[in-house]
file entry.cif (mmCIF, C-alpha atoms)
data_target
loop_
_atom_site.group_PDB
_atom_site.id
_atom_site.type_symbol
_atom_site.label_atom_id
_atom_site.label_comp_id
_atom_site.auth_asym_id
_atom_site.auth_seq_id
_atom_site.Cartn_x
_atom_site.Cartn_y
_atom_site.Cartn_z
ATOM 1 C CA MET Y 389 0.000 0.000 0.000
ATOM 2 C CA THR Y 390 1.354 3.393 -0.976
ATOM 3 C CA LYS Y 391 1.514 6.417 1.331
ATOM 4 C CA ASP Y 392 -1.253 8.083 -0.724
ATOM 5 C CA GLU Y 393 -3.544 5.095 -0.177
ATOM 6 C CA VAL Y 394 -2.837 5.237 3.554
ATOM 7 C CA VAL Y 395 -3.770 8.930 3.665
ATOM 8 C CA VAL Y 396 -7.003 8.216 1.759
ATOM 9 C CA LEU Y 397 -7.800 5.514 4.314
ATOM 10 C CA LEU Y 398 -6.755 7.670 7.279
ATOM 11 C CA LYS Y 399 -10.160 7.486 8.972
ATOM 12 C CA GLU Y 400 -10.288 3.712 8.593
ATOM 13 C CA TYR Y 401 -6.847 3.312 10.161
ATOM 14 C CA LEU Y 402 -7.771 5.718 12.948
ATOM 15 C CA TYR Y 403 -11.018 3.865 13.661
ATOM 16 C CA TYR Y 404 -9.141 0.558 13.677
ATOM 17 C CA PHE Y 405 -6.691 1.946 16.220
ATOM 18 C CA VAL Y 406 -9.457 3.426 18.383
ATOM 19 C CA ILE Y 407 -11.327 0.151 18.726
ATOM 20 C CA THR Y 408 -8.205 -1.972 19.158
ATOM 21 C CA LEU Y 409 -6.646 0.421 21.681
ATOM 22 C CA LYS Y 410 -9.886 0.444 23.694
ATOM 23 C CA VAL Y 411 -9.810 -3.329 24.136
ATOM 24 C CA GLY Y 412 -6.042 -3.841 24.271
ATOM 25 C CA LEU Y 413 -5.699 -5.609 20.921
ATOM 26 C CA SER Y 414 -3.138 -3.057 19.749
ATOM 27 C CA SER Y 415 -0.669 -1.051 21.787
ATOM 28 C CA ILE Y 416 0.038 2.650 21.991
ATOM 29 C CA LYS Y 417 3.523 1.784 20.689
ATOM 30 C CA GLU Y 418 2.049 0.295 17.483
ATOM 31 C CA TYR Y 419 -0.247 3.275 17.074
ATOM 32 C CA ASN Y 420 2.579 5.773 17.614
ATOM 33 C CA SER Y 421 4.790 4.023 15.071
ATOM 34 C CA TRP Y 422 1.997 4.187 12.488
ATOM 35 C CA LEU Y 423 1.200 7.825 13.352
ATOM 36 C CA ASP Y 424 4.849 8.872 13.099
ATOM 37 C CA ASN Y 425 5.089 7.400 9.594
ATOM 38 C CA ILE Y 426 1.948 9.232 8.467
ATOM 39 C CA PHE Y 427 2.936 12.471 10.165
ATOM 40 C CA LEU Y 428 6.337 12.571 8.445
ATOM 41 C CA ASN Y 429 4.509 12.740 5.109
ATOM 42 C CA GLU Y 430 1.979 15.360 6.242
ATOM 43 C CA VAL Y 431 3.836 17.595 8.718
ATOM 44 C CA ASP Y 432 1.529 20.562 8.028
ATOM 45 C CA ASN Y 433 -1.657 18.652 8.836
ATOM 46 C CA ASP Y 434 -3.143 20.265 11.975
ATOM 47 C CA PHE Y 435 -5.146 17.190 12.880
ATOM 48 C CA LEU Y 436 -2.054 14.967 12.755
ATOM 49 C CA ILE Y 437 -0.155 17.537 14.821
ATOM 50 C CA GLU Y 438 -2.897 17.337 17.457
ATOM 51 C CA LEU Y 439 -2.659 13.540 17.429
ATOM 52 C CA GLU Y 440 1.124 13.690 17.758
ATOM 53 C CA PHE Y 441 0.848 15.928 20.828
ATOM 54 C CA SER Y 442 -1.574 13.526 22.500
ATOM 55 C CA SER Y 443 0.120 10.349 21.298
ATOM 56 C CA ASN Y 444 1.271 9.138 24.720
ATOM 57 C CA ASP Y 445 -2.135 9.624 26.350
ATOM 58 C CA ILE Y 446 -4.370 6.798 25.193
ATOM 59 C CA ASN Y 447 -7.605 8.323 26.514
ATOM 60 C CA SER Y 448 -6.932 11.692 24.910
ATOM 61 C CA THR Y 449 -6.007 10.012 21.634
ATOM 62 C CA ILE Y 450 -9.205 7.953 21.649
ATOM 63 C CA HIS Y 451 -11.308 11.033 22.407
ATOM 64 C CA ILE Y 452 -9.732 13.074 19.584
ATOM 65 C CA ILE Y 453 -10.157 10.281 17.045
ATOM 66 C CA ASP Y 454 -13.715 9.476 18.157
ATOM 67 C CA SER Y 455 -14.666 13.138 17.730
ATOM 68 C CA PHE Y 456 -13.086 13.207 14.272
ATOM 69 C CA ILE Y 457 -14.737 10.018 13.042
ATOM 70 C CA ASP Y 458 -18.145 9.988 14.729
ATOM 71 C CA PRO Y 459 -20.060 12.100 12.199
ATOM 72 C CA ASN Y 460 -18.573 10.086 9.320
ATOM 73 C CA ILE Y 461 -18.723 6.579 10.753
ATOM 74 C CA SER Y 462 -21.276 5.338 8.215
ATOM 75 C CA ARG Y 463 -18.929 6.293 5.383
ATOM 76 C CA LEU Y 464 -16.021 4.187 6.604
ATOM 77 C CA ASP Y 465 -14.843 1.197 4.588
ATOM 78 C CA PHE Y 466 -15.613 -1.575 7.075
ATOM 79 C CA ASP Y 467 -14.270 -4.261 4.751
ATOM 80 C CA PHE Y 468 -10.884 -2.568 4.989
ATOM 81 C CA ILE Y 469 -11.234 -2.178 8.763
ATOM 82 C CA GLY Y 470 -12.223 -5.847 9.003
ATOM 83 C CA LYS Y 471 -9.096 -6.896 7.130
ATOM 84 C CA LEU Y 472 -6.941 -4.916 9.558
ATOM 85 C CA LEU Y 473 -8.861 -6.171 12.557
ATOM 86 C CA PHE Y 474 -8.798 -9.857 11.705
ATOM 87 C CA LYS Y 475 -5.124 -9.674 10.773
ATOM 88 C CA ALA Y 476 -4.461 -8.226 14.249
ATOM 89 C CA PHE Y 477 -6.547 -10.973 15.869
ATOM 90 C CA GLU Y 478 -4.625 -13.611 13.931
ATOM 91 C CA ALA Y 479 -1.256 -12.179 14.964
ATOM 92 C CA LYS Y 480 -2.300 -12.094 18.618
ATOM 93 C CA TYR Y 481 -3.847 -15.575 18.366
ATOM 94 C CA HIS Y 482 -0.426 -16.989 17.515
ATOM 95 C CA GLN Y 483 1.369 -15.246 20.391
ATOM 96 C CA ASP Y 484 2.256 -17.382 23.390
ATOM 97 C CA THR Y 485 1.384 -14.529 25.745
ATOM 98 C CA CYS Y 486 -2.299 -14.421 24.786
ATOM 99 C CA THR Y 487 -4.934 -16.833 26.063
ATOM 100 C CA LEU Y 488 -7.889 -17.868 23.945
ATOM 101 C CA GLU Y 489 -10.229 -16.540 26.640
ATOM 102 C CA ASP Y 490 -8.592 -13.096 26.569
ATOM 103 C CA LEU Y 491 -8.739 -12.937 22.787
ATOM 104 C CA ALA Y 492 -12.388 -14.008 22.723
ATOM 105 C CA HIS Y 493 -13.181 -11.379 25.359
ATOM 106 C CA GLN Y 494 -11.457 -8.711 23.231
ATOM 107 C CA ALA Y 495 -13.484 -9.870 20.223
ATOM 108 C CA TYR Y 496 -16.729 -9.488 22.148
ATOM 109 C CA ASN Y 497 -15.705 -6.041 23.412
ATOM 110 C CA ILE Y 498 -14.939 -4.899 19.867
ATOM 111 C CA TRP Y 499 -18.345 -6.153 18.732
ATOM 112 C CA ASN Y 500 -19.908 -3.962 21.449
ATOM 113 C CA ILE Y 501 -18.070 -0.892 20.113
ATOM 114 C CA LEU Y 502 -19.062 -1.312 16.460
ATOM 115 C CA PRO Y 503 -22.078 0.552 15.066
ATOM 116 C CA ASP Y 504 -25.180 -1.687 15.125
ATOM 117 C CA ASN Y 505 -25.554 -1.784 11.351
ATOM 118 C CA ILE Y 506 -22.013 -3.197 11.101
ATOM 119 C CA ALA Y 507 -21.980 -5.331 14.265
ATOM 120 C CA ASN Y 508 -25.043 -7.278 13.175
ATOM 121 C CA LYS Y 509 -23.604 -8.432 9.830
ATOM 122 C CA GLU Y 510 -20.979 -11.018 9.104
ATOM 123 C CA PRO Y 511 -18.131 -11.292 9.591
ATOM 124 C CA PHE Y 512 -18.444 -8.905 12.539
ATOM 125 C CA PHE Y 513 -21.471 -10.635 14.086
ATOM 126 C CA THR Y 514 -19.289 -13.659 14.860
ATOM 127 C CA LEU Y 515 -17.413 -11.473 17.355
ATOM 128 C CA CYS Y 516 -20.462 -11.382 19.658
ATOM 129 C CA TYR Y 517 -20.651 -15.139 20.180
ATOM 130 C CA ILE Y 518 -17.079 -16.275 19.589
ATOM 131 C CA ASP Y 519 -16.575 -16.755 23.338
ATOM 132 C CA ASP Y 520 -19.841 -18.674 23.921
ATOM 133 C CA PRO Y 521 -18.376 -22.166 23.340
ATOM 134 C CA LEU Y 522 -15.752 -21.478 26.005
ATOM 135 C CA SER Y 523 -18.517 -21.247 28.623
ATOM 136 C CA TYR Y 524 -19.171 -24.967 28.176
ATOM 137 C CA GLY Y 525 -15.549 -25.985 27.628
ATOM 138 C CA ASP Y 526 -15.537 -26.172 23.825
ATOM 139 C CA GLU Y 527 -12.218 -24.528 23.009
ATOM 140 C CA LYS Y 528 -12.122 -26.270 19.622
ATOM 141 C CA GLN Y 529 -15.266 -24.494 18.393
ATOM 142 C CA THR Y 530 -13.942 -21.090 19.483
ATOM 143 C CA ARG Y 531 -10.705 -21.784 17.610
ATOM 144 C CA GLU Y 532 -12.720 -22.765 14.516
ATOM 145 C CA LEU Y 533 -14.658 -19.491 14.723
ATOM 146 C CA PHE Y 534 -11.422 -17.518 14.953
ATOM 147 C CA HIS Y 535 -10.034 -19.346 11.910
ATOM 148 C CA LYS Y 536 -13.254 -18.558 10.042
ATOM 149 C CA LEU Y 537 -12.645 -14.862 10.787
ATOM 150 C CA PHE Y 538 -8.964 -15.053 9.837
ATOM 151 C CA ASN Y 539 -9.918 -16.482 6.451
ATOM 152 C CA TYR Y 540 -13.035 -14.394 5.758
ATOM 153 C CA TYR Y 541 -11.373 -11.697 3.661
ATOM 154 C CA ARG Y 542 -8.952 -14.130 2.030
ATOM 155 C CA VAL Y 543 -11.897 -16.106 0.647
ATOM 156 C CA ASN Y 544 -14.601 -13.459 0.185
ATOM 157 C CA HIS Y 545 -12.673 -10.382 -0.945
#
call {"tool": "encode", "arguments": {"input": "entry.cif", "output": "structure tokens"}}
result
Amino acid sequence: MTKDEVVVLLKEYLYYFVITLKVGLSSIKEYNSWLDNIFLNEVDNDFLIELEFSSNDINSTIHIIDSFIDPNISRLDFDFIGKLLFKAFEAKYHQDTCTLEDLAHQAYNIWNILPDNIANKEPFFTLCYIDDPLSYGDEKQTRELFHKLFNYYRVNH
């Protein structure tokens, strides 16, 4: 992806970081690295300057981005956001430091953040029940649901 494409998708990346920062799926370090790369190409952008100044305060960052995106949320490319999101879930899924329960809990929390018209369609709807099988000890089914999400955009888009 070129720098121009990233700038065009700025709101999608920002929304991705807001929801993943809120639930702990991404870190402020990852966000800051991404922001620094964007900022270096747009040093005169007042909005990016504001984000840079708040970049070490997660709550302030989330508030600024939420305010920026909220009126335009229906215009976001949720297929693109889904690709980013499920790639992040897959990376965390394969880390030794993450439990399946924690990841499933993060998935459910992200589902709660999404706008209703997005949350209630696949592949995002799976996030609301991905942890259900764990309540009766069926780890295998939860893993299968995660793999379904990991592969959704590889198969369908």
call {"tool": "closest_residue", "arguments": {"input": "entry.cif", "among": "Y:Asp454, Y:Phe427, Y:Lys480, Y:Leu491", "to": "Phe441 (chain Y)", "atoms": "only C-alpha atoms"}}
result
Y:Phe427
call {"tool": "resolve_selection", "arguments": {"input": "entry.cif", "expression": "the PyMOL selection byres ((chain Y and resi 474-476) around 10)", "output": "mmCIF file with C-alpha atoms, keeping the file's coordinate frame"}}
result
data_model
loop_
_atom_site.group_PDB
_atom_site.id
_atom_site.type_symbol
_atom_site.label_atom_id
_atom_site.label_comp_id
_atom_site.auth_asym_id
_atom_site.auth_seq_id
_atom_site.Cartn_x
_atom_site.Cartn_y
_atom_site.Cartn_z
ATOM 1 C CA TYR Y 404 -9.141 0.558 13.677
ATOM 2 C CA THR Y 408 -8.205 -1.972 19.158
ATOM 3 C CA LEU Y 413 -5.699 -5.609 20.921
ATOM 4 C CA SER Y 414 -3.138 -3.057 19.749
ATOM 5 C CA ILE Y 469 -11.234 -2.178 8.763
ATOM 6 C CA GLY Y 470 -12.223 -5.847 9.003
ATOM 7 C CA LYS Y 471 -9.096 -6.896 7.130
ATOM 8 C CA LEU Y 472 -6.941 -4.916 9.558
ATOM 9 C CA LEU Y 473 -8.861 -6.171 12.557
ATOM 10 C CA PHE Y 477 -6.547 -10.973 15.869
ATOM 11 C CA GLU Y 478 -4.625 -13.611 13.931
ATOM 12 C CA ALA Y 479 -1.256 -12.179 14.964
ATOM 13 C CA LYS Y 480 -2.300 -12.094 18.618
ATOM 14 C CA TYR Y 481 -3.847 -15.575 18.366
ATOM 15 C CA ALA Y 495 -13.484 -9.870 20.223
ATOM 16 C CA PRO Y 511 -18.131 -11.292 9.591
ATOM 17 C CA PHE Y 512 -18.444 -8.905 12.539
ATOM 18 C CA PHE Y 534 -11.422 -17.518 14.953
ATOM 19 C CA HIS Y 535 -10.034 -19.346 11.910
ATOM 20 C CA LYS Y 536 -13.254 -18.558 10.042
ATOM 21 C CA LEU Y 537 -12.645 -14.862 10.787
ATOM 22 C CA PHE Y 538 -8.964 -15.053 9.837
ATOM 23 C CA ASN Y 539 -9.918 -16.482 6.451
ATOM 24 C CA TYR Y 540 -13.035 -14.394 5.758
ATOM 25 C CA TYR Y 541 -11.373 -11.697 3.661
#
call {"tool": "resolve_selection", "arguments": {"input": "entry.cif", "expression": "the PyMOL selection byres ((chain Y and resi 399-403) around 7)", "output": "ChimeraX atom specification"}}
result
/Y:397-398,404-407,453,457,464-465,469
call {"tool": "residues_around", "arguments": {"input": "entry.cif", "residues": "Leu423 (chain Y)", "least_positions_apart": "5", "cutoff": "12 Å", "atoms": "only C-alpha atoms", "output": "list in words"}}
result
Val394, Val395, Leu398, Tyr401, Leu402, Phe405, Ile416, Lys417, Glu418, Leu428, Asn429, Glu430, Val431, Phe435, Leu436, Ile437, Glu438, Leu439, Glu440, Phe441, Ser442, Ser443, Asn444 and Thr449 of chain Y
call {"tool": "atom_distance", "arguments": {"input": "entry.cif", "atom1": "CA of Ser455 (chain Y)", "atom2": "CA of Asn497 (chain Y)"}}
result
20.0 Å
call {"tool": "residues_near_point", "arguments": {"input": "entry.cif", "point": "(-16.5, -12.6, 20.0)", "cutoff": "12 Å", "atoms": "all atoms listed in the file", "output": "ChimeraX atom specification"}}
result
/Y:474,477,488-501,507,510-522,530-531,533-534,537
call {"tool": "closest_residue", "arguments": {"input": "entry.cif", "among": "Y:Gly525, Y:Ser415, Y:Asn420, Y:Ile506", "to": "Phe466 (chain Y)", "atoms": "all atoms listed in the file"}}
result
Y:Ile506
call {"tool": "atom_distance", "arguments": {"input": "entry.cif", "atom1": "CA of Ser448 (chain Y)", "atom2": "CA of Leu502 (chain Y)"}}
result
19.7 Å
call {"tool": "atom_distance", "arguments": {"input": "entry.cif", "atom1": "CA of Tyr419 (chain Y)", "atom2": "CA of Glu532 (chain Y)"}}
result
29.0 Å
